[in-house]
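File shown: coords-v4.txt (compact mmCIF, C-alpha atoms).
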# COMPACT_ATOMS: atom_id res chain seq x y z
CA MET P 84 5.50 -27.92 -24.67
CA GLN P 85 7.55 -30.36 -26.73
CA ASP P 86 11.26 -30.44 -25.85
CA ARG P 87 13.36 -28.65 -28.44
CA ILE P 88 16.03 -30.64 -30.23
CA THR P 89 19.25 -28.66 -29.91
CA GLN P 90 22.95 -29.42 -30.05
CA ASN P 91 22.92 -29.24 -26.26
CA SER P 92 20.22 -31.90 -25.98
CA ILE P 93 22.06 -34.11 -28.49
CA ALA P 94 25.24 -33.80 -26.42
CA ARG P 95 23.35 -34.79 -23.25
CA ALA P 96 21.64 -37.73 -24.95
CA LEU P 97 24.92 -39.14 -26.26
CA GLY P 98 26.99 -38.35 -23.18
CA LEU P 99 29.28 -36.02 -25.12
CA SER P 100 30.48 -32.48 -24.55
CA ILE P 101 28.76 -29.68 -26.43
CA LYS P 102 32.13 -28.76 -27.97
CA THR P 103 32.41 -32.26 -29.47
CA VAL P 104 28.93 -32.03 -30.99
CA GLN P 105 29.57 -28.54 -32.36
CA ARG P 106 32.85 -29.64 -33.92
CA ALA P 107 31.21 -32.70 -35.45
CA PHE P 108 28.54 -30.59 -37.17
CA SER P 109 31.17 -28.13 -38.40
CA GLY P 110 33.20 -30.99 -39.94
CA SER P 111 36.22 -30.57 -37.67
CA ASP P 112 38.95 -33.22 -38.01
CA LYS P 113 39.38 -33.10 -34.22
CA VAL P 114 36.41 -35.44 -33.80
CA ALA P 115 36.77 -39.17 -34.51
CA GLU P 116 34.83 -40.42 -37.53
CA SER P 117 32.99 -42.99 -35.43
CA THR P 118 31.82 -40.22 -33.07
CA LYS P 119 30.74 -38.05 -35.99
CA THR P 120 28.75 -40.97 -37.40
CA SER P 121 27.02 -41.56 -34.05
CA ILE P 122 26.10 -37.88 -33.77
CA GLN P 123 24.81 -37.69 -37.35
CA ASN P 124 22.77 -40.89 -36.96
CA TYR P 125 21.18 -39.63 -33.76
CA ALA P 126 20.46 -36.22 -35.32
CA ALA P 127 18.73 -37.93 -38.26
CA LEU P 128 16.71 -40.07 -35.83
CA VAL P 129 15.35 -37.07 -33.93
CA GLY P 130 14.94 -34.90 -37.04
CA TYR P 131 17.67 -32.36 -36.32
CA SER P 132 19.63 -30.59 -39.04
CA CYS P 133 22.57 -28.26 -38.42
CA ASN P 134 21.43 -26.25 -41.46
CA ARG P 135 19.06 -23.59 -40.16
CA SER P 136 16.96 -23.36 -43.30
CA ALA P 137 16.57 -27.12 -43.32
CA ARG P 138 15.57 -27.12 -39.66
CA SER P 139 12.83 -24.58 -40.29
CA LEU P 140 11.49 -26.75 -43.12
CA VAL P 141 11.52 -29.84 -40.91
CA ARG P 142 9.69 -27.95 -38.16
CA ASN P 143 7.14 -26.76 -40.73
CA ASN P 144 6.02 -23.96 -38.39
CA LEU P 145 7.06 -20.55 -37.18
CA ARG P 146 8.82 -19.85 -33.92
CA ASN P 147 7.11 -16.83 -32.44
CA ILE P 148 8.95 -14.24 -30.35
CA HIS P 149 6.86 -11.60 -28.57
CA LEU P 150 7.96 -8.35 -26.94
CA PHE P 151 5.75 -6.53 -24.43
CA SER P 152 6.13 -3.01 -23.05
CA SER P 153 4.15 0.02 -22.01
CA SER P 154 3.01 2.16 -24.93
CA SER P 155 4.63 5.20 -23.28
CA PRO P 156 6.90 6.95 -23.99
CA HIS P 157 6.02 6.37 -27.60
CA TYR P 158 9.28 7.67 -29.10
CA PHE P 159 11.39 5.27 -26.99
CA TRP P 160 9.39 2.11 -27.66
CA THR P 161 9.05 2.94 -31.35
CA SER P 162 12.84 2.82 -31.55
CA VAL P 163 12.88 -0.50 -29.63
CA ALA P 164 10.34 -1.88 -32.12
CA ARG P 165 12.52 -0.74 -35.02
CA GLY P 166 15.44 -2.66 -33.55
CA MET P 167 13.23 -5.70 -33.19
CA GLU P 168 12.19 -5.43 -36.84
CA SER P 169 15.83 -5.12 -37.92
CA ALA P 170 16.69 -8.37 -36.12
CA LEU P 171 13.68 -10.11 -37.62
CA LEU P 172 14.89 -9.29 -41.15
CA GLU P 173 18.00 -11.35 -40.39
CA ILE P 174 16.17 -14.46 -39.10
CA ARG P 175 12.76 -14.42 -40.77
CA ASP P 176 13.86 -16.83 -43.51
CA PHE P 177 14.83 -19.35 -40.84
CA GLY P 178 11.25 -19.75 -39.63
CA TYR P 179 10.85 -16.91 -37.13
CA SER P 180 8.33 -14.19 -36.44
CA ALA P 181 8.61 -11.33 -33.94
CA VAL P 182 5.64 -9.31 -32.71
CA TYR P 183 5.68 -6.15 -30.60
CA HIS P 184 2.82 -5.52 -28.14
CA PRO P 185 2.51 -1.94 -26.81
CA VAL P 186 0.25 -2.12 -23.73
CA PRO P 187 -1.78 0.84 -22.36
CA ALA P 188 -0.06 2.38 -19.34
CA LYS P 189 -1.09 1.18 -15.85
CA ASN P 190 -3.53 -1.40 -17.22
CA THR P 191 -2.64 -4.89 -15.97
CA GLY P 192 -5.91 -6.28 -17.33
CA ALA P 193 -5.01 -5.19 -20.87
CA TYR P 194 -1.52 -6.66 -20.39
CA MET P 195 -2.94 -10.05 -19.34
CA LYS P 196 -5.26 -10.02 -22.33
CA GLU P 197 -2.32 -9.39 -24.69
CA LEU P 198 -0.39 -12.25 -23.07
CA GLN P 199 -3.34 -14.60 -23.40
CA LEU P 200 -3.89 -13.74 -27.06
CA ALA P 201 -0.20 -14.16 -27.85
CA SER P 202 -0.05 -17.48 -25.99
CA THR P 203 -3.12 -18.79 -27.78
CA GLY P 204 -1.69 -17.81 -31.16
CA GLY P 205 1.73 -19.29 -30.36
CA MET P 206 4.43 -17.80 -28.13
CA ASP P 207 7.76 -19.64 -28.07
CA ALA P 208 9.66 -16.94 -26.17
CA ALA P 209 9.08 -13.44 -24.81
CA ALA P 210 10.86 -10.25 -23.82
CA LEU P 211 9.25 -7.91 -21.32
CA VAL P 212 9.99 -4.90 -19.17
CA ASN P 213 9.80 -5.06 -15.38
CA ASN P 214 7.54 -2.02 -15.33
CA PRO P 215 6.07 -1.11 -11.92
CA GLU P 216 3.03 0.40 -13.64
CA TYR P 217 1.71 -3.17 -13.86
CA ASP P 218 1.32 -6.14 -11.50
CA MET P 219 4.51 -7.75 -12.78
CA GLY P 220 4.34 -10.69 -10.37
CA ARG P 221 1.10 -11.73 -12.05
CA ILE P 222 2.57 -11.20 -15.52
CA PHE P 223 5.78 -13.18 -14.90
CA GLY P 224 3.65 -15.88 -13.25
CA PHE P 225 1.60 -16.27 -16.44
CA LEU P 226 4.76 -17.08 -18.42
CA ASP P 227 6.19 -19.35 -15.71
CA ARG P 228 3.04 -21.46 -15.49
CA ARG P 229 3.15 -22.06 -19.24
CA ASN P 230 6.93 -22.72 -19.32
CA ILE P 231 7.42 -19.90 -21.81
CA PRO P 232 11.07 -18.75 -21.71
CA TYR P 233 11.59 -15.02 -21.34
CA ILE P 234 14.18 -12.30 -20.89
CA THR P 235 13.80 -8.93 -19.23
CA LEU P 236 14.28 -5.79 -21.28
CA ASN P 237 15.29 -2.26 -20.16
CA ILE P 238 14.37 -2.89 -16.49
CA ASP P 239 15.54 -6.11 -14.88
CA ALA P 240 13.80 -8.51 -12.48
CA VAL P 241 16.50 -10.73 -10.99
CA GLU P 242 14.04 -12.49 -8.67
CA THR P 243 12.19 -14.05 -11.63
CA ASN P 244 13.04 -16.98 -13.91
CA ARG P 245 14.27 -14.69 -16.67
CA LEU P 246 17.03 -16.11 -18.87
CA ALA P 247 18.95 -12.85 -19.24
CA PHE P 248 18.63 -9.07 -19.09
CA ILE P 249 19.14 -6.64 -21.96
CA GLY P 250 19.38 -3.04 -20.82
CA PRO P 251 21.58 -0.42 -19.20
CA ASP P 252 23.35 -0.59 -15.85
CA TYR P 253 21.50 2.17 -14.00
CA GLY P 254 24.09 2.33 -11.23
CA ALA P 255 26.74 2.97 -13.88
CA GLY P 256 24.55 5.78 -15.19
CA GLY P 257 24.60 7.40 -11.75
CA ARG P 258 28.39 7.12 -11.59
CA LEU P 259 28.72 8.59 -15.08
CA ALA P 260 26.55 11.53 -14.00
CA ALA P 261 28.67 12.13 -10.88
CA GLU P 262 31.89 12.06 -12.88
CA PHE P 263 30.52 14.49 -15.47
CA LEU P 264 29.11 17.02 -13.01
CA GLY P 265 32.03 16.71 -10.61
CA LYS P 266 34.40 17.65 -13.41
CA THR P 267 32.26 20.40 -14.94
CA ILE P 268 31.93 22.23 -11.62
CA ARG P 269 35.68 21.66 -11.03
CA GLY P 270 35.33 19.59 -7.89
CA ASN P 271 33.78 22.38 -5.82
CA GLY P 272 30.29 23.63 -5.14
CA ARG P 273 26.86 22.18 -4.51
CA ILE P 274 24.65 19.97 -6.68
CA LEU P 275 20.87 19.90 -6.53
CA ILE P 276 19.57 16.38 -7.20
CA ILE P 277 15.98 16.14 -8.40
CA HIS P 278 14.79 12.64 -7.54
CA ASN P 279 11.69 10.69 -8.53
CA PRO P 280 11.24 7.54 -6.37
CA VAL P 281 9.20 4.75 -7.93
CA ASP P 282 5.73 4.79 -6.42
CA SER P 283 3.88 1.50 -6.93
CA GLU P 284 2.29 -1.21 -4.81
CA HIS P 285 3.39 -3.92 -7.28
CA ILE P 286 7.09 -3.11 -7.54
CA LEU P 287 9.76 -5.80 -7.88
CA ALA P 288 13.31 -5.09 -6.73
CA GLY P 289 14.85 -4.41 -10.14
CA ALA P 290 12.46 -1.56 -10.87
CA HIS P 291 14.09 0.78 -8.31
CA ILE P 292 16.20 2.27 -11.10
CA ASN P 293 16.08 5.87 -9.90
CA GLU P 294 17.13 4.84 -6.40
CA GLU P 295 20.04 2.93 -7.93
CA ARG P 296 21.10 5.99 -9.93
CA LEU P 297 20.94 8.16 -6.81
CA LEU P 298 22.86 5.71 -4.62
CA HIS P 299 25.72 5.36 -7.09
CA PHE P 300 25.79 9.09 -7.87
CA VAL P 301 26.17 10.06 -4.22
CA SER P 302 28.67 7.27 -3.52
CA TYR P 303 30.89 8.18 -6.48
CA LEU P 304 30.68 11.88 -5.66
CA SER P 305 31.74 11.36 -2.04
CA VAL P 306 34.80 9.32 -3.04
CA HIS P 307 36.04 11.24 -6.08
CA PHE P 308 34.77 14.77 -5.37
CA PRO P 309 34.65 15.02 -1.57
CA ARG P 310 34.42 18.83 -1.61
CA VAL P 311 31.20 18.78 -3.64
CA GLU P 312 28.04 18.95 -1.53
CA HIS P 313 24.59 17.83 -2.62
CA GLN P 314 20.94 18.29 -1.74
CA VAL P 315 18.13 15.94 -2.77
CA ILE P 316 14.54 16.96 -3.47
CA SER P 317 11.98 14.33 -4.39
CA PHE P 318 8.98 14.53 -6.68
CA ARG P 319 6.35 11.81 -6.53
CA SER P 320 4.84 10.53 -9.75
CA ARG P 321 1.37 11.37 -8.42
CA GLN P 322 2.25 15.01 -7.80
CA SER P 323 0.43 17.44 -10.03
CA ARG P 324 2.29 19.47 -12.63
CA GLU P 325 1.32 22.64 -10.75
CA ASP P 326 2.81 21.39 -7.47
CA MET P 327 6.07 20.43 -9.16
CA MET P 328 6.27 23.76 -10.98
CA GLN P 329 5.72 25.64 -7.71
CA GLU P 330 8.42 23.63 -5.91
CA LEU P 331 10.90 24.22 -8.76
CA ASP P 332 9.99 27.92 -8.71
CA GLU P 333 10.75 28.20 -5.01
CA ILE P 334 14.08 26.37 -5.22
CA LEU P 335 15.33 28.29 -8.26
CA ARG P 336 14.18 31.58 -6.78
CA ASP P 337 15.26 31.18 -3.14
CA GLU P 338 18.39 29.07 -3.54
CA ALA P 339 19.58 29.99 -7.02
CA ASP P 340 22.95 31.20 -5.78
CA SER P 341 23.71 28.13 -3.69
CA PHE P 342 24.00 25.60 -6.55
CA SER P 343 26.68 25.03 -9.15
CA GLY P 344 24.98 22.08 -10.82
CA ILE P 345 21.66 20.29 -11.16
CA TYR P 346 21.26 16.54 -11.69
CA SER P 347 17.74 15.57 -12.69
CA ILE P 348 17.04 11.88 -12.21
CA ALA P 349 13.32 12.61 -12.39
CA ASP P 350 11.71 12.64 -15.82
CA ILE P 351 10.73 16.32 -15.71
CA GLN P 352 12.71 17.69 -18.65
CA GLU P 353 9.88 19.86 -19.95
CA LEU P 354 9.20 21.39 -16.54
CA LEU P 355 12.86 21.98 -15.75
CA GLY P 356 13.75 23.30 -19.20
CA GLU P 357 10.78 25.67 -19.14
CA LYS P 358 11.78 27.05 -15.75
CA ILE P 359 15.43 27.54 -16.68
CA LEU P 360 14.51 29.43 -19.88
CA HIS P 361 11.68 31.42 -18.25
CA GLN P 362 13.92 32.62 -15.41
CA GLY P 363 16.84 33.38 -17.73
CA LEU P 364 19.18 30.88 -16.08
CA GLU P 365 20.75 29.49 -19.27
CA ASN P 366 24.47 28.73 -18.84
CA ARG P 367 24.22 29.52 -15.12
CA TYR P 368 24.41 25.90 -13.94
CA SER P 369 25.83 22.64 -15.20
CA ILE P 370 22.57 20.75 -15.73
CA LEU P 371 22.56 17.04 -16.51
CA VAL P 372 19.34 15.13 -17.20
CA HIS P 373 18.65 11.42 -17.56
CA GLY P 374 17.02 10.31 -20.77
CA VAL P 375 16.74 11.68 -24.28
CA ASN P 376 13.41 12.58 -25.84
CA PRO P 377 12.31 14.64 -28.87
CA ASP P 378 12.41 17.86 -26.79
CA THR P 379 15.85 17.36 -25.24
CA GLY P 380 17.60 18.81 -28.28
CA MET P 381 15.83 22.14 -27.92
CA TYR P 382 16.97 22.49 -24.31
CA LEU P 383 20.53 21.45 -25.13
CA LEU P 384 20.80 23.84 -28.07
CA SER P 385 19.32 26.71 -26.04
CA HIS P 386 21.79 25.97 -23.20
CA ALA P 387 19.03 25.33 -20.69
CA PHE P 388 20.67 21.89 -20.26
CA THR P 389 24.36 21.14 -20.39
CA ALA P 390 24.09 17.46 -21.28
CA ALA P 391 21.87 14.39 -21.23
CA ILE P 392 22.65 10.75 -20.49
CA HIS P 393 21.31 8.48 -23.19
CA GLN P 394 20.90 4.76 -23.74
CA ASN P 395 20.21 2.97 -27.02
CA PRO P 396 16.62 1.69 -27.39
CA PHE P 397 17.19 0.38 -30.93
CA ARG P 398 19.89 -2.02 -29.74
CA GLN P 399 17.70 -3.26 -26.91
CA GLY P 400 15.00 -4.36 -29.35
CA TYR P 401 17.56 -5.87 -31.70
CA TYR P 402 19.45 -7.84 -29.05
CA ALA P 403 16.23 -9.06 -27.40
CA VAL P 404 15.19 -10.86 -30.59
CA ARG P 405 18.65 -12.23 -31.33
CA LEU P 406 19.12 -13.53 -27.79
CA LEU P 407 15.79 -15.33 -27.82
CA GLU P 408 16.52 -16.72 -31.28
CA HIS P 409 19.84 -18.06 -29.93
CA TYR P 410 18.01 -19.70 -27.04
CA LEU P 411 15.42 -21.32 -29.27
CA GLU P 412 18.15 -22.66 -31.56
CA ASN P 413 20.57 -23.88 -28.88
CA GLY P 414 18.59 -24.39 -25.70
CA SER P 415 20.79 -21.94 -23.78
CA MET P 416 21.84 -18.32 -23.69
CA PRO P 417 25.18 -17.27 -25.25
CA ALA P 418 28.14 -17.10 -22.89
CA THR P 419 28.30 -13.32 -23.27
CA ILE P 420 25.22 -11.09 -23.06
CA PRO P 421 25.54 -7.80 -24.99
CA SER P 422 25.67 -4.69 -22.84
CA ILE P 423 23.80 -1.44 -23.44
CA PRO P 424 26.28 1.37 -22.74
CA GLN P 425 25.20 4.84 -21.67
CA GLY P 426 26.77 8.01 -22.98
CA ILE P 427 26.81 11.76 -22.56
CA LEU P 428 25.00 13.80 -25.23
CA LEU P 429 26.06 17.45 -25.57
CA GLY P 430 24.44 20.18 -27.64
CA ASN P 431 27.23 20.08 -30.21
CA SER P 432 26.60 16.33 -30.69
CA ILE P 433 23.27 17.02 -32.36
CA ASN P 434 23.27 16.86 -36.14
CA ASP P 435 19.56 16.54 -36.83
CA GLN P 436 17.42 18.29 -34.26
CA ASP P 437 14.26 16.39 -35.14
CA ASP P 438 15.75 12.92 -35.06
CA PHE P 439 18.90 13.12 -32.93
CA TRP P 440 17.56 10.99 -30.08
CA ARG P 441 17.36 7.93 -32.35
CA ILE P 442 20.93 6.99 -31.53
CA GLU P 443 21.71 3.75 -33.30
Render the structure in this file as structure tokens.
Amino acid sequence: MQDRITQNSIARALGLSIKTVQRAFSGSDKVAESTKTSIQNYAALVGYSCNRSARSLVRNNLRNIHLFSSSSPHYFWTSVARGMESALLEIRDFGYSAVYHPVPAKNTGAYMKELQLASTGGMDAAALVNNPEYDMGRIFGFLDRRNIPYITLNIDAVETNRLAFIGPDYGAGGRLAAEFLGKTIRGNGRILIIHNPVDSEHILAGAHINEERLLHFVSYLSVHFPRVEHQVISFRSRQSREDMMQELDEILRDEADSFSGIYSIADIQELLGEKILHQGLENRYSILVHGVNPDTGMYLLSHAFTAAIHQNPFRQGYYAVRLLEHYLENGSMPATIPSIPQGILLGNSINDQDDFWRIE
């Protein structure tokens, strides 16, 4: 891969600070004229222009950004793709393309094929999710061997060569949940935590997001609400729907009076909402779920759930493209990486029941 000409590389070549080079291109009077002339002469020699449109014409080719994720859940990744498209509208005229690749769930072979096709067609940078459904070590290795720069999206992988991470702080989500439930049950009572440990033979450290939520939830609860007790039950992803329904049935039937709140880390909103409504337990507990999907609104409005913690998929797609564009232009990541905050969604926050989860 040919080295990119950036203001950073010009600064290194001339033995100047990046601030001096940036000021020279912006016409600042804080840079000596002789230094400006040297920078401009060198830029002309290597074919660099500080005008982005001019640079794209000089390159005479597109810079291709690719984003890869599982195709499920469809509603979430559709919103990420919309954010990606929004960012592309802002940079397309400067010689960029951005392509989204939804990959069939649990199919590493299909993932590798998508990577190979994208690489063959031209892949200058990539964004991808550290999804334990796939052999992510093999996937990151593909990019590393080809020196393709990449960031992680939604789920981090700190042990890789990723340039940055765009996504939520899952530990902070657990603390937010503990604060919300601790307050809604007035600092007393017992919380049932429904957990879903990640079950995969190919998992990298960053993908333990449910464990991180649980750890921070319990830690925050013990410090700030010491009189609140908790009990954890775990569902495995390979458990059948019938087994999970039976276990929920037994807990809600036999221990219904022992809980004040329920915190569902596991992605079982349909199962839990069904059970709460079927057994007539609306408004009986403070129930907080992680994640927002097209069905969450129904359970919030029917008072089966009290609240849901949401993150913003649109922004994740948008920032992924803009971060990689910044890297391709400058040879480095910006000093500050945008954060993806998490918030509490209540039933009275919903304006459009069919589209409320597209929080942008």
| query | Which polymer residues have any atom within 12 Å of an atom of Phe151 of chain P, counting only C-alpha atoms, with same-chain residues fewer than 5 positions away left out, as JSON, numbers by chain? | reply | {"P": [160, 163, 164, 167, 181, 182, 183, 184, 185, 186, 187, 188, 193, 194, 195, 196, 197, 198, 201, 206, 208, 209, 210, 211, 212, 213, 214, 217, 219, 222, 223, 233, 234, 235, 236, 237, 400, 403]}
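You will find atom CA of Asn144 of chain P at 14.5 Å from atom CA of Ile88 of chain P.
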Taken to one decimal, the atom CA of His361 of chain P-atom CA of Ile345 of chain P distance is 16.5 Å
Taking (17.8, 2.7, -32.7) in the file's own coordinates, collect the residues within 10 Å, counting all atoms listed in the file, and hand them back as a count of residues only.
-> 22
Which polymer residues have any atom within 12 Å of an atom of Tyr410 of chain P, counting only C-alpha atoms, with same-chain residues fewer than 5 positions away left out, as a ChimeraX atom specification?
/P:87-91,146,148,207-209,231-234,246-247,403-405,415-418,420
Requested in this report: For atom CA of Leu411 of chain P and atom CA of Ala115 of chain P, determine how far apart the two atoms are, in Å to one decimal place.
Outcome: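 One can read the atom CA of Leu411 of chain P to atom CA of Ala115 of chain P distance as 28.3 Å.
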inquiry  = (32.1, 10.3, -11.4) in this file's frame - what residues fall within 8 Å of it? Use only C-alpha atoms and give the answer as a ChimeraX atom specification.
reply    = /P:258-266,300,303-304,307-308
Restricting to only C-alpha atoms, whichever of P:Ser117, P:His313, P:Arg245, P:Leu407 is closest to Ser180 of chain P is P:Leu407
(request) Tell me, as a PyMOL selection string, which residues lie within 9 Å of segment 381-384 of chain P, counting only C-alpha atoms; anything in the same chain fewer than 3 positions away does not count. (result) chain P and resi 352-353+356-357+360+377-378+387-391+428-431+433+436
Keeping only C-alpha atoms, write the selected residues as a short mmCIF file (atom, residue, chain, number, x, y, z; two decimals), keeping the file's coordinate frame.
data_model
loop_
_atom_site.label_atom_id
_atom_site.label_comp_id
_atom_site.auth_asym_id
_atom_site.auth_seq_id
_atom_site.Cartn_x
_atom_site.Cartn_y
_atom_site.Cartn_z
CA GLN P 352 12.71 17.69 -18.65
CA GLU P 353 9.88 19.86 -19.95
CA GLY P 356 13.75 23.30 -19.20
CA GLU P 357 10.78 25.67 -19.14
CA LEU P 360 14.51 29.43 -19.88
CA PRO P 377 12.31 14.64 -28.87
CA ASP P 378 12.41 17.86 -26.79
CA ALA P 387 19.03 25.33 -20.69
CA PHE P 388 20.67 21.89 -20.26
CA THR P 389 24.36 21.14 -20.39
CA ALA P 390 24.09 17.46 -21.28
CA ALA P 391 21.87 14.39 -21.23
CA LEU P 428 25.00 13.80 -25.23
CA LEU P 429 26.06 17.45 -25.57
CA GLY P 430 24.44 20.18 -27.64
CA ASN P 431 27.23 20.08 -30.21
CA ILE P 433 23.27 17.02 -32.36
CA GLN P 436 17.42 18.29 -34.26
#
Restricting to only C-alpha atoms, whichever of P:Glu216, P:Gln199, P:Gln329, P:Pro280 is closest to Ser152 of chain P is P:Glu216
Counting all atoms listed in the file, what are the residues of segment 346-427 of chain P within 12 Å of segment 282-292 of chain P, and for each of them which pair of atoms is the nearest and at what distance in Å, to one decimal? Sort the table by chain and rising number, as a Markdown table.
| residue | atom | partner | partner_atom | distance |
| --- | --- | --- | --- | --- |
| P:Ile348 | CA | P:Ile292 | CA | 9.7 |
| P:Ala349 | CA | P:Ile292 | CA | 10.8 |
| P:His373 | CA | P:Ile292 | CA | 11.5 |
Can you report as lines of an AutoDock Vina configuration file the centre and edge lengths in Å, to one decimal, of an axis-aligned box around the listed atoms of segment 232-248 of chain P padded with 8 Å on each side?
center_x = 15.0
center_y = -10.5
center_z = -15.2
size_x = 23.9
size_y = 32.5
size_z = 29.0
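With distances taken over all atoms listed in the file, P:Ile277 is the one residue among P:Ile316, P:Val129, P:Ile277, P:Ala94 lying closest to Asp350 of chain P.
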Next item on the list: Choose the residue, out of P:Ile370, P:Gly192, P:Val241, P:Gly414, that has the smallest atom-to-atom separation from Ile392 of chain P; count only C-alpha atoms.
Entry: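 Among the listed residues, P:Ile370 lies closest to Ile392 of chain P.
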Kindly add N, CA and C atoms to the incomplete segment 303-320 of chain P and provide the output as a compact mmCIF listing (two decimals), keeping the file's coordinate frame.
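Listed below is the output, out_34.txt:
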# COMPACT_ATOMS: atom_id res chain seq x y z
N TYR P 303 29.76 7.80 -5.63
CA TYR P 303 30.89 8.18 -6.48
C TYR P 303 31.34 9.61 -6.16
N LEU P 304 30.37 10.48 -5.96
CA LEU P 304 30.68 11.88 -5.66
C LEU P 304 31.48 12.00 -4.36
N SER P 305 31.07 11.25 -3.34
CA SER P 305 31.74 11.36 -2.04
C SER P 305 33.18 10.86 -2.09
N VAL P 306 33.45 9.88 -2.94
CA VAL P 306 34.80 9.32 -3.04
C VAL P 306 35.70 10.18 -3.92
N HIS P 307 35.20 10.58 -5.08
CA HIS P 307 36.04 11.24 -6.08
C HIS P 307 35.98 12.77 -6.03
N PHE P 308 34.91 13.30 -5.47
CA PHE P 308 34.77 14.77 -5.37
C PHE P 308 34.28 15.12 -3.97
N PRO P 309 35.10 14.86 -2.96
CA PRO P 309 34.65 15.02 -1.57
C PRO P 309 34.28 16.45 -1.19
N ARG P 310 34.73 17.44 -1.94
CA ARG P 310 34.42 18.83 -1.61
C ARG P 310 33.10 19.30 -2.22
N VAL P 311 32.49 18.43 -3.03
CA VAL P 311 31.20 18.78 -3.64
C VAL P 311 30.06 18.33 -2.71
N GLU P 312 29.20 19.27 -2.35
CA GLU P 312 28.04 18.95 -1.53
C GLU P 312 26.83 18.67 -2.42
N HIS P 313 25.79 18.09 -1.84
CA HIS P 313 24.59 17.83 -2.62
C HIS P 313 23.34 17.95 -1.74
N GLN P 314 22.25 18.24 -2.39
CA GLN P 314 20.94 18.29 -1.74
C GLN P 314 19.95 17.55 -2.62
N VAL P 315 19.10 16.73 -2.01
CA VAL P 315 18.13 15.94 -2.77
C VAL P 315 16.72 16.47 -2.51
N ILE P 316 15.99 16.71 -3.60
CA ILE P 316 14.54 16.96 -3.47
C ILE P 316 13.83 15.86 -4.26
N SER P 317 12.69 15.45 -3.76
CA SER P 317 11.98 14.33 -4.39
C SER P 317 10.62 14.75 -4.89
N PHE P 318 10.32 14.36 -6.13
CA PHE P 318 8.98 14.53 -6.68
C PHE P 318 8.33 13.15 -6.77
N ARG P 319 7.10 13.05 -6.40
CA ARG P 319 6.35 11.81 -6.53
C ARG P 319 5.61 11.82 -7.86
N SER P 320 5.47 10.63 -8.43
CA SER P 320 4.84 10.53 -9.75
C SER P 320 3.39 11.00 -9.71
